[in-house]
Amino acid sequence: MGLARRGEVLWEPDRALRERTALVRFERFVAERHGLDFGGDYHALWRWSVEALEDFWQAIWDFFTVHATTQPSAVLAERKMPGARWFPGARLNYADHVFRAWEGRETATALHAYSETRPPATVTWGELRALVARIRAGLRAAGVGPGDRVCAYMPNVPEAVAAFLATASLGAVWSSAAPEFGVRAVLDRFAQIEPKVLLAIDGYRYGGRDFDRLDAVRALAENLPTLGAVYVLGYLRGEPRLADIPRARRWEELVAVEEPLACEAVAFDHPLWVLYSSGTTGLPKAIVHGHGGILLEHLKKMHLHTDLRPGDRFFWFTTTGWMMWNFLVSGLLAGSELVLYDGNPAYPDTLALWRLADEVGITCFGTSAAFIHACMKAGAKPGRELSLAALRSVGSTGSPLSPEGFVWVYEEVKRDLWLFSTSGGTDVCSAFVGGVPTLPVWCGELQARALGAKVEAFDAQGRSVVGQVGELVITEPMPSMPVYFWNDPDGSRYRQSYFDVYPGVWRHGDWIEITPRGSAVIYGRSDATINRQGVRMGTSEIYRAVLAVDEVEDALVVDVPRGDGESWMPLFVVLRDGVELDDELQARIRKRVREDCSPRHVPDAIYQVEAIPRTLSGKTLEVPVKRILMGTPPERAASRESLSDPEAFDRFVAFLETLPAAQNAR
């Protein structure tokens, strides 16, 4: 593989490609409307978009002909964070916009579905609309109306896409979790929002193995008392046994009634879905996004930044438990054909998804940095073994893509390709730094900040800096910022999550460098949230699983970035007197984390220590320990005056220095 030099130009769009982009058309639309001349300079357009916020978002509304049954009285009633009020008075519906522009194209393909569990299938726009209408009728019969919550414990299949759109059409609120999530992790999420209906599957196949999930569905039904009905799709076996699951019904009952599709017009900030982003303490944050904010943000992202076009085949490897699933579904707003996949991305080998891209003719292939790095380590050479003729772009997210990962894509996938590495978050259900189809691709860098997203790097004094690493902040509001957190009536948890460090400025929790050319480099999390292969989980959730093992008295876990773009996740445990960390106990700890949290959060190594270092207020020193393992001197990583037991901290640091894996992680 060639030498990876950060900042080296790896690809540049030609004039013809630039002219075909919606971004160029949008720039001309704005220039004509406002008498401006950006001269084809994306960064000039970006500066206008974050300075003239109201003009920019009105232009997005008009350029994409957003349909509202009631027009807004303003664009931005209050320009502040938190508390910005966007398009007050407007009434619209996200699902309505998915179908509105594609009437009369009933026979065109909307979905391509692939999985280890079922044969391949396609779904036309007409079939998708009919299925959405049937599910909508079933949900209505179950008593679901505006504001009610519908939760799904389902994989990335057409039924999940249709169920989400049906829920949105009613003005009800959607929330989903992947079926590999353990019961405890799902309950920590769904119990907060008190769902009326649960949609689930009986099981699935992954890596050639069958996994029955009916016991998990039963446990969910027993522990979600607000449920009026549980509809189970026979995904694995066709005829699931439901007798011992409270309020369970067959999926066929949900879709039994045929009726025309209608979409309920709701307020701009009416809840569309609830996503979950974990902090380091307490339950996962239940983040509520609104119909209008997500509609505008995703119209912008799909057309202007992902460069999707009608007929494109849009793929992102994701599960329903990651915000990228919601992002993928929004590809329908651009008239693209979604390619859904449920299964192991490396089964039977690392070329599995690349073969899918070749066979289906995927034009935009989205994945995670971890997947690209895994292909690179395995020596995969998809471009030498496959045609990939239709492939136009590759997107990467979830964690920073290393310069070596950039080079691998261009050397081993395809040279004439737009590679866009992106960064954003569940919190805004979007990427606020990343792809711009009219700009060059610089090795190891994200191309630019997204339109309408005033992303900056703050130094320790809260000053905006360029050319050095700082805290990623957003200094102007975005429509897709959370409407609120569930069960946070005074907004205190919302404020603490983003605005506790810089009042009135969103602190995201990432390290970022804005380069002088306007590109960006992400250096990972600045807080202690564990992001493994794109699935974020708070340390508190991992501790809950670990401490459920009787022999464990205390624990600390961190996720340490490595130079190869992946990470190392050690778990440190304090055990009961007389207990040793043998292989059997390690296996039980790993099993508990796998079942209660997710397979992706099983620790890479487990170590027994005397004590866990804590602050005077009792908080574990996750961030300082992570920084020490990344090479920060201990005296700079933590203030001894803030520790409850400085000697315990010294002993812990001395133990860290003995770990060969710790040296490798630096």
# chains A, B, ... in the order shown; residues from 1 in each chain; ligands from 1
$ select_by_dssp --residues "range 327-548 of chain A" --states "strand (DSSP E)" --output "ChimeraX atom specification"
/A:337-342,364-368,393-397,418-421,423-425,430-434,441-442,448-449,455-458,464-465,469-474,484-485,506-514,520-525,530-532,535-537
$ residues_around --residues "range 636-649 of chain A" --least-positions-apart "2" --cutoff "10 Å" --atoms "only C-alpha atoms" --output "PyMOL selection string"
chain A and resi 609-621+623-628+631-634+651-655
$ select_by_dssp --residues "range 170-379 of chain A" --states "alpha helix (DSSP H)" --output "PyMOL selection string"
chain A and resi 170+183-193+214-223+251-254+291-300+323-329+352-360+369-377
$ residues_around --residues "Ala68 in chain A" --least-positions-apart "2" --cutoff "10 Å" --atoms "only C-alpha atoms" --output "PyMOL selection string"
chain A and resi 65-66+70-72+89-93+96-97+265-268+292
$ residues_around --residues "Val360 in chain A" --least-positions-apart "3" --cutoff "9 Å" --atoms "only C-alpha atoms" --output "PyMOL selection string"
chain A and resi 112+313+339+355-357+390
$ write_last_selection --atoms "all heavy atoms" --output "short mmCIF file (atom, residue, chain, number, x, y, z; two decimals), in the first residue's frame"
data_model
loop_
_atom_site.label_atom_id
_atom_site.label_comp_id
_atom_site.auth_asym_id
_atom_site.auth_seq_id
_atom_site.Cartn_x
_atom_site.Cartn_y
_atom_site.Cartn_z
N HIS A 112 -34.18 -2.48 -1.94
CA HIS A 112 -33.55 -3.77 -2.22
C HIS A 112 -33.21 -4.37 -0.86
O HIS A 112 -32.49 -3.73 -0.07
CB HIS A 112 -32.27 -3.60 -3.03
CG HIS A 112 -32.46 -2.91 -4.34
ND1 HIS A 112 -32.55 -3.59 -5.54
CD2 HIS A 112 -32.57 -1.59 -4.65
CE1 HIS A 112 -32.69 -2.72 -6.52
NE2 HIS A 112 -32.72 -1.50 -6.01
N ARG A 313 -28.60 3.97 -5.99
CA ARG A 313 -28.76 2.87 -5.04
C ARG A 313 -27.88 3.16 -3.83
O ARG A 313 -26.66 3.10 -3.90
CB ARG A 313 -28.44 1.54 -5.72
CG ARG A 313 -29.48 1.24 -6.79
CD ARG A 313 -29.32 -0.07 -7.49
NE ARG A 313 -30.44 -0.24 -8.43
CZ ARG A 313 -30.57 -1.26 -9.26
NH1 ARG A 313 -29.65 -2.23 -9.28
NH2 ARG A 313 -31.61 -1.33 -10.06
N VAL A 339 -30.68 0.24 -0.29
CA VAL A 339 -30.21 -1.13 -0.24
C VAL A 339 -30.06 -1.50 1.23
O VAL A 339 -29.21 -0.94 1.94
CB VAL A 339 -28.88 -1.31 -0.99
CG1 VAL A 339 -28.42 -2.76 -0.93
CG2 VAL A 339 -29.02 -0.86 -2.44
N ARG A 355 -19.17 -7.59 -2.58
CA ARG A 355 -19.88 -8.38 -3.59
C ARG A 355 -21.31 -7.87 -3.74
O ARG A 355 -21.84 -7.79 -4.85
CB ARG A 355 -19.90 -9.86 -3.19
CG ARG A 355 -18.57 -10.56 -3.35
CD ARG A 355 -18.73 -12.08 -3.26
NE ARG A 355 -17.48 -12.71 -2.89
CZ ARG A 355 -17.13 -13.02 -1.65
NH1 ARG A 355 -17.97 -12.80 -0.67
NH2 ARG A 355 -15.96 -13.56 -1.41
N LEU A 356 -21.93 -7.55 -2.61
CA LEU A 356 -23.28 -7.00 -2.65
C LEU A 356 -23.29 -5.71 -3.47
O LEU A 356 -24.18 -5.51 -4.31
CB LEU A 356 -23.78 -6.73 -1.22
CG LEU A 356 -25.16 -6.08 -1.09
CD1 LEU A 356 -26.24 -7.03 -1.57
CD2 LEU A 356 -25.41 -5.66 0.36
N ALA A 357 -22.32 -4.85 -3.23
CA ALA A 357 -22.24 -3.59 -3.98
C ALA A 357 -22.12 -3.86 -5.47
O ALA A 357 -22.74 -3.16 -6.30
CB ALA A 357 -21.06 -2.77 -3.49
N ALA A 390 -20.70 0.52 -10.96
CA ALA A 390 -21.68 1.56 -10.62
C ALA A 390 -21.25 2.42 -9.44
O ALA A 390 -21.82 3.50 -9.23
CB ALA A 390 -23.02 0.90 -10.30
#
$ residues_around --residues "Ala262 in chain A" --least-positions-apart "6" --cutoff "9 Å" --atoms "only C-alpha atoms" --output "short mmCIF file (atom, residue, chain, number, x, y, z; two decimals) with N, CA and C atoms, in the first residue's frame"
data_model
loop_
_atom_site.label_atom_id
_atom_site.label_comp_id
_atom_site.auth_asym_id
_atom_site.auth_seq_id
_atom_site.Cartn_x
_atom_site.Cartn_y
_atom_site.Cartn_z
N ASP A 96 -45.13 12.21 4.57
CA ASP A 96 -45.79 12.80 3.41
C ASP A 96 -44.75 13.21 2.36
N ALA A 133 -49.45 1.84 4.40
CA ALA A 133 -50.87 2.08 4.68
C ALA A 133 -51.46 0.96 5.52
N ARG A 136 -50.15 1.27 9.04
CA ARG A 136 -50.82 2.42 9.64
C ARG A 136 -52.22 2.05 10.12
N SER A 169 -46.55 8.75 9.73
CA SER A 169 -47.75 9.25 9.05
C SER A 169 -48.87 9.55 10.02
N LEU A 170 -48.89 8.83 11.14
CA LEU A 170 -49.92 9.02 12.17
C LEU A 170 -49.60 10.17 13.11
#
$ residues_around --residues "Phe458 in chain A" --least-positions-apart "3" --cutoff "12 Å" --atoms "only C-alpha atoms" --output "ChimeraX atom specification"
/A:455,461-475,501-502,505-514
$ closest_residue --among "A:Phe432, A:Thr397, A:Leu446, A:Ala168" --to "Gln533 in chain A" --atoms "only C-alpha atoms"
A:Thr397
